[in-house]
Every structure is written in structure tokens, then in C-alpha cells.
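Read the structure below first, then the notes.
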Amino acid sequence: MIPVTETRPQRRLVSPAPLRPSPDFGPADRARGWLVTAVITAIAAVTRFMMLNYPTDARTPVFDEKHYAPQAWQMVTGGWIEDNPGYGLVVHPPIGKVFIAFSEAIFGYNAWGWRASAALAGTILVLIVVRIVRRMARSTLIGAFAGLLLICDGLTFVSSRIGMLDIFMALLVTAAFGCLIVDRDQVRERLARADAAGRTALSQWGPRLGVRWWRFGAGVLLGLACGTKWSGLYYIVFFGLMSVAFDVSARRTYGVKRPWVGTFVRDVGPALYALVVIPILVYLGSYWAWFASEDGVYRYSVGRTIGTGGTFSFLPDALRSLWYYQSETLAFHSSLTNSAGNHHPWESKPWTWPMGLRPMLYYYADGASGCSQAQCVKAVMAIGTPAIWWLAFPALGWMLWRSVVRHDWRYAAILVGYGAGLLPWFLTLDRQMYFFYAVVLAPFLVMGIALILGDILGPARPPGVPRGPNGAYLPAPVNERYALGLLIVSIYLGLVVANFVWLWPILTGQAITPGNWQDHLWLPSWR
């Protein structure tokens, strides 16, 4: 009889030292990463710039281009200030119009002039999204997924081909987000070096992190965003909190004894400087031409419209005049409410934005020619590609689950960016709103979907595949899970491209039959 040896479960030895993450601070395939980025960006440029001068209203701007194109041309021809002729007030800060003015200075006062800068911004936005997702996922392939999705998003596409401000907002806040993602990696890299040198335990607050130029860059970009539209303020709040959360997490990860106090002592002050003070200074600097002018709107309000005394009389008259100018702008925006009788046939509320249930019609002309019938329809509709936008709620649910249950910082960061573009609008539901406000949501939506596609795809090799003496992987059986994931991802991306191609005529103003126009309007709320 063979004796049976009793086996007892072995206790796992737990080290009292805190576990450190692997030193992974970004993808290593730099050459291939930039090559893929260049190809995706080139495709984006072709789609954004092709037939950019079409359509127009008899060679004049369409939709809200009629506000920004003339104001930008005033900047080119009149000392870089605008007075919005025909309207009572200039209702947005100058930076977005400065971008339009740059292209008008090159191409003149025509469709190319007032749209080229938007097309360039839309192209650069694709590039930035590819790089951000590549860094977050540590995968060039998943970064390429994000770029392809953004290329095929109808809302971003149309916004890149019209002389309005929203594409500049999307570019600036996404670039600021990207700076903070790089800053997060850089902070962890510095803490890893300090930890390896034994400097982490020298102070219960952890080491100082030095000058953080990427966070400073985020502050500059957020200031420019506020100088384009005031909704940039929301991103200052959301991104500021996210940056501090990154710092707390990094100090905890590398074994700082008091990470919260350490973050408060070491990081909060510099964060307030970089993400609050710098944006304010950049915003004030965006009015340099107004400060230097003699005839800017409300430039000399002190002593005329407002008194010379009062609590803030110690401030320079120029700043007090700018404050009055801003208060008048705020009063104008606050008056655009439904309860005051202001309604627009294409307005929408923020609960419709995630799925794009109420798109925006920018241009419509019936009785045109160029199709198979005597009368044709030409339309430009800002509409989110359904294959992307209709997945918003399940995608957001997955991101929330990954953030809360799996503590996946990537999805949490994307939710912060998405929330900053959506949630604040629920505080002013009576105000007139439009779907083009949701352009800033598109980059964060495609980032999240791209990461989800990466989750579906899974690792290319099964776990536990050994390496040979030279470090190369030994032959392994086919990874069935990866093959299935690749099939699902490929089918989905093909569906997105096909959906974008189907929408192309109503995104670009092509001549189609009235019946074809009706076929494109899938939902009653699209009509």
C-alpha cells in the first residue's frame, strides 16, 4: 500500500514593503508609433480638406459662420479687434476667431479662408487622440483604432469643415487632457527614480517633483480654451481635480507615508498656479488687442457707462472695463432662455447629446440640380455617426464599471473629460442649447470605445508563453480568444466606416434625391 502524503496549502508570504508598479511609462515602439500616427493623420487631412470651399450661400458663410467669419476678417483688417456689426455685442472671447483670422489672412475672405483653420484643427485633433490613446493603452494599434473612429465621426467631421468655434474648443481641451496624461507618466517616472535611489522615505510627504512643464502646458491650453468659449472653465475644474487625484495615487503607489498630506503640501500649490493662475493670465492676454485699442467694444466704460468709484476703484480702468464687457456678455447668454420665448427649431438638451438624438442642420437647399431627378436636395447636417454615438450608454457603463470596480485609471480619466463637456449643462436647462456643443464629447467617447476594443481584443499571445534563450517567444498555439476578438473588432470598425460612407452625402452637401434625403433621416427627431 502506497502511503498518501498529506499536502497542506502553503501560506503566501506577503512582503511588508509596498508593491511597486513595473517601470512602464509609455509605448516603446516610437518609430512605428509615429509612422502609424502619420498615416492616420494624413487620412484625416484628406477628408477634412477635400472640397472645403463647398457649400456656401452664394459665396457667403452658412449658418453661424456669418458671425465668426466677418469678425475674424475684421481682426485681419482692423487691428485684431472685432465689433460684430449688425449685432449688439461680441458674445465670445477672441481666440477662436483669431484662429479663423489666420487662415483668412492666408486665403482671403472666402470659404477656404474661414474654414481652413477649422480643418487644420480637426486634423490635429485626430493626431492628438491617436497619441493619447496610444500612451494610455500602451498600444499603437489601439491608438490607431481611436484615430479611425474620430475620422469617421460625422459631428467632428462637419465641425472640422465649417468656420465655427467648437472644433477649436475640442482641440484645446483634448490637448490639455493629453498634457496631463503625459504629466502623470512623468510624475511616476520621477517617483520611480526617487524610490530606486531610496529618497522616497526621506520625508513622510514624499519627494518634490520639480518643474512640471506638461502640466504648465495644460494650463496654457485651458486658458486658450476659455479664450475661445467660456465653457473652458468647466475643464479647469474637472482637470484640476483629476491632476491632484493623479498625484495622490502616484504618491500612494510609491509608498509615501502620508500621500494625501504630501499631495496637499507638495502638489496643490503648483497645481493651482499651473491650472488656475496660468489660464487666467492667458485669458486676459487673449484680449491684448482690445486693451491696446481705442475703439474696442466697451473699452472705455469707466466714467461713461460705469462710475469711477466703488469697491473695485483701485483696479486699472482697463480691467474694470473688461469686467463690464464680460458682465454684458454673461447677461446676453443668460437671456437666451426658453422661458423668455427664445426657441430654435434645431435646439437640443444635453440628455439627447450622448446618442446624438437631435442633430443640427447647418445647410439645406432644395430645388438644386445634380442628381438623377429634376429637383435635388443638398444638406449639411452635423450628426454623430450612429455606429459610434449609439453605443454611448453601454460604453459609459463599461467605463464606469472599470473605473469603480477594477480601478482602471484610464477609463476614470476619460470619464472626467466626458463629464466636463456634458454634466455642467444640466445646471442651465432653460438655456438655448445645440448639438454642436457636444463636439467636445466626441474625442473622449472615441477614446473610451477604443480602449474597450482593446479589452475585446485581449493580448495577442496566451498568458504564460515562455521565452527562449535569446528572449524571443517560443512557438505557441493559436490564441483563440485573440482571434475571436480580432474578428469582432474588425467587423465593428468596418461597420463604422460603412456608416460614415453612408452619411457622407448629408455631411458634405452632395446633391441627392428627396427620397434619398428622407432615407438618411433614421429617427423622427432627425427631421
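Note on naming: chains are A, B, ... as they come in the C-alpha cells, residues start from 1 per chain, ligands start from 1 in the order shown.
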
Within 9 Å of region 483-505 of chain A, which residues of region 340-420 of chain A come that close, and what is the closest atom pair and distance in Å for each? Count only C-alpha atoms and give it as a Markdown table.
```
| residue | atom | partner | partner_atom | distance |
| --- | --- | --- | --- | --- |
| A:Lys378 | CA | A:Pro505 | CA | 8.2 |
| A:Ala379 | CA | A:Pro505 | CA | 7.9 |
| A:Val380 | CA | A:Pro505 | CA | 8.1 |
| A:Ile383 | CA | A:Leu503 | CA | 8.8 |
| A:Thr385 | CA | A:Phe500 | CA | 6.3 |
| A:Pro386 | CA | A:Asn499 | CA | 7.4 |
| A:Ala387 | CA | A:Val496 | CA | 5.4 |
| A:Ile388 | CA | A:Val496 | CA | 6.9 |
```

Keeping only N, CA and C atoms, take the residues you just selected and write them out as a CSV table (one decimal), in the first residue's frame.
```
chain,number,residue,atom,x,y,z
A,378,LYS,N,-29.7,69.4,-51.3
A,378,LYS,CA,-28.3,69.5,-50.8
A,378,LYS,C,-28.4,69.9,-49.3
A,379,ALA,N,-27.8,69.1,-48.4
A,379,ALA,CA,-27.8,69.4,-47.0
A,379,ALA,C,-26.5,69.1,-46.3
A,380,VAL,N,-26.2,69.9,-45.3
A,380,VAL,CA,-25.1,69.6,-44.4
A,380,VAL,C,-25.7,69.5,-43.0
A,383,ILE,N,-24.2,65.5,-37.5
A,383,ILE,CA,-24.8,64.3,-36.9
A,383,ILE,C,-23.7,63.3,-36.5
A,385,THR,N,-22.0,59.9,-36.0
A,385,THR,CA,-22.2,58.6,-36.7
A,385,THR,C,-22.8,57.6,-35.7
A,386,PRO,N,-24.0,57.1,-36.0
A,386,PRO,CA,-24.7,56.2,-35.1
A,386,PRO,C,-23.9,55.0,-34.6
A,387,ALA,N,-23.1,54.4,-35.5
A,387,ALA,CA,-22.3,53.3,-35.1
A,387,ALA,C,-21.4,53.6,-33.9
A,388,ILE,N,-21.1,54.9,-33.7
A,388,ILE,CA,-20.3,55.3,-32.6
A,388,ILE,C,-21.1,55.9,-31.5
```

Could you give me, as a compact mmCIF listing (two decimals) with C-alpha atoms, in the first residue's frame, the residues within 12 Å of Gln518 (chain A), counting only C-alpha atoms and dropping anything in the same chain fewer than 4 positions from it?
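The resulting around07.txt:
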```txt
# COMPACT_ATOMS: atom_id res chain seq x y z
CA CYS A 376 -32.44 67.58 -55.77
CA VAL A 377 -31.65 68.21 -52.13
CA LYS A 378 -28.34 69.47 -50.76
CA ALA A 379 -27.85 69.42 -46.99
CA ILE A 506 -25.56 64.73 -45.94
CA ILE A 512 -29.22 63.69 -53.61
CA THR A 513 -32.83 62.92 -54.41
CA PRO A 514 -35.54 63.92 -51.92
CA TRP A 522 -33.35 57.45 -39.49
CA LEU A 523 -35.12 58.88 -36.46
CA PRO A 524 -38.13 61.21 -36.19
CA TRP A 526 -33.61 63.96 -37.00
CA ARG A 527 -36.28 65.68 -39.08
```

| All residues 9 Å or closer to Trp260 (chain A), only C-alpha atoms, same chain fewer than 5 positions away omitted, as a list of chain:residue names | A:Trp205, A:Asp247, A:Val248, A:Ser249, A:Arg251, A:Arg252, A:Val265

| CA of Leu125 (chain A) to CA of Ala442 (chain A): how many Å, to one decimal? |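 Going from CA of Leu125 (chain A) over to CA of Ala442 (chain A) covers 10.6 Å.
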
| request: Please provide as a PyMOL selection string all residues within 8 Å of Thr156 (chain A), with the sequence filter that same-chain residues fewer than 6 positions apart are discarded (counting only C-alpha atoms). | output: chain A and resi 122+150+167+384+439+442

File of the preceding selection, N, CA and C atoms, as a short mmCIF file (atom, residue, chain, number, x, y, z; two decimals), in the first residue's frame:
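Below is the file that was written, again.cif:
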```
data_model
loop_
_atom_site.label_atom_id
_atom_site.label_comp_id
_atom_site.auth_asym_id
_atom_site.auth_seq_id
_atom_site.Cartn_x
_atom_site.Cartn_y
_atom_site.Cartn_z
N GLY A 122 -9.23 70.15 -36.90
CA GLY A 122 -9.82 68.82 -36.90
C GLY A 122 -8.82 67.74 -37.24
N LEU A 150 -12.41 58.56 -34.82
CA LEU A 150 -12.62 60.00 -34.86
C LEU A 150 -12.72 60.52 -36.29
N ILE A 167 -14.80 73.25 -32.92
CA ILE A 167 -13.69 72.35 -33.19
C ILE A 167 -12.44 72.84 -32.49
N GLY A 384 -23.75 62.86 -35.27
CA GLY A 384 -22.79 61.86 -34.83
C GLY A 384 -23.04 60.53 -35.51
N VAL A 439 -19.49 68.65 -29.55
CA VAL A 439 -18.27 68.31 -30.29
C VAL A 439 -17.15 67.92 -29.33
N ALA A 442 -16.88 64.17 -28.37
CA ALA A 442 -16.50 63.16 -29.35
C ALA A 442 -15.11 62.57 -29.09
#
```

| request: Could you check how far CA of Gly397 (chain A) sits from CA of Ala175 (chain A), in Å to one decimal? | output: 24.9 Å

| task | Apply DSSP to the structure's backbone, then extract all residues of region 133-357 of chain A labelled alpha helix (DSSP H) and return them as a PyMOL selection string. | result | chain A and resi 133-137+140-151+154-159+166-196+213-226+232-253+259-263+269-272+278-285+288-292+317-335

| Non-local contacts of Gln71 (chain A) (9 Å; only C-alpha atoms; under 4 positions in same chain excluded) as a ChimeraX atom specification | /A:66-67,75-76,81-85,90,97,101

Residues from last step as file, N, CA, C and O atoms, as a compact mmCIF listing (two decimals), in the first residue's frame:
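Result saved to out-v2.txt:
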```
# COMPACT_ATOMS: atom_id res chain seq x y z
N LYS A 66 -21.71 83.10 -40.26
CA LYS A 66 -22.00 84.51 -40.54
C LYS A 66 -21.60 85.42 -39.38
O LYS A 66 -21.45 86.63 -39.56
N HIS A 67 -21.43 84.85 -38.18
CA HIS A 67 -20.93 85.63 -37.05
C HIS A 67 -19.40 85.68 -37.06
O HIS A 67 -18.80 86.74 -36.96
N MET A 75 -10.66 91.34 -37.66
CA MET A 75 -9.36 91.23 -36.99
C MET A 75 -8.22 91.39 -37.98
O MET A 75 -7.22 92.06 -37.70
N VAL A 76 -8.37 90.77 -39.15
CA VAL A 76 -7.31 90.84 -40.16
C VAL A 76 -7.13 92.27 -40.65
O VAL A 76 -6.00 92.74 -40.85
N ILE A 81 -9.18 93.43 -33.57
CA ILE A 81 -10.36 93.51 -32.72
C ILE A 81 -11.59 93.44 -33.60
O ILE A 81 -11.52 93.68 -34.81
N GLU A 82 -12.73 93.08 -33.00
CA GLU A 82 -13.97 92.93 -33.73
C GLU A 82 -15.07 93.68 -32.99
O GLU A 82 -15.02 93.80 -31.77
N ASP A 83 -16.05 94.19 -33.75
CA ASP A 83 -17.17 94.88 -33.10
C ASP A 83 -18.52 94.29 -33.48
O ASP A 83 -19.55 94.81 -33.10
N ASN A 84 -18.50 93.18 -34.26
CA ASN A 84 -19.73 92.46 -34.57
C ASN A 84 -20.79 93.38 -35.18
O ASN A 84 -21.85 93.58 -34.59
N PRO A 85 -20.55 93.95 -36.34
CA PRO A 85 -21.51 94.88 -36.94
C PRO A 85 -22.86 94.22 -37.18
O PRO A 85 -22.94 93.07 -37.61
N VAL A 90 -20.33 91.46 -29.01
CA VAL A 90 -19.46 90.34 -29.36
C VAL A 90 -19.59 89.32 -28.24
O VAL A 90 -19.20 89.58 -27.11
N LYS A 97 -11.75 83.10 -32.96
CA LYS A 97 -11.82 83.97 -34.14
C LYS A 97 -10.42 84.35 -34.63
O LYS A 97 -10.22 84.59 -35.83
N ALA A 101 -9.04 83.95 -38.27
CA ALA A 101 -8.39 85.10 -38.92
C ALA A 101 -7.07 84.70 -39.55
O ALA A 101 -6.69 85.24 -40.61
```

| task | Using only C-alpha atoms, determine which residues lie at most 9 Å from region 223-226 of chain A, disregarding the query and same-chain residues fewer than 2 positions distant; provide the list as JSON, numbers by chain. | result | {"A": [93, 95, 96, 168, 169, 170, 171, 172, 173, 218, 219, 220, 221, 228, 229, 230, 231, 232, 233, 235, 236, 275, 276, 278, 279, 280, 281, 282, 283, 284, 286]}

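The residue that comes closest to Phe426 (chain A), out of A:Trp112, A:Phe99, A:Phe49, A:Trp353 and on the basis of only C-alpha atoms, is A:Trp353.
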
| task | Please give the complete set of residues from region 243-456 of chain A that DSSP, run on the backbone, assigns to strand (DSSP E or B), formatted as a ChimeraX atom specification. | result | /A:302,306,337,360-368,376-382,431
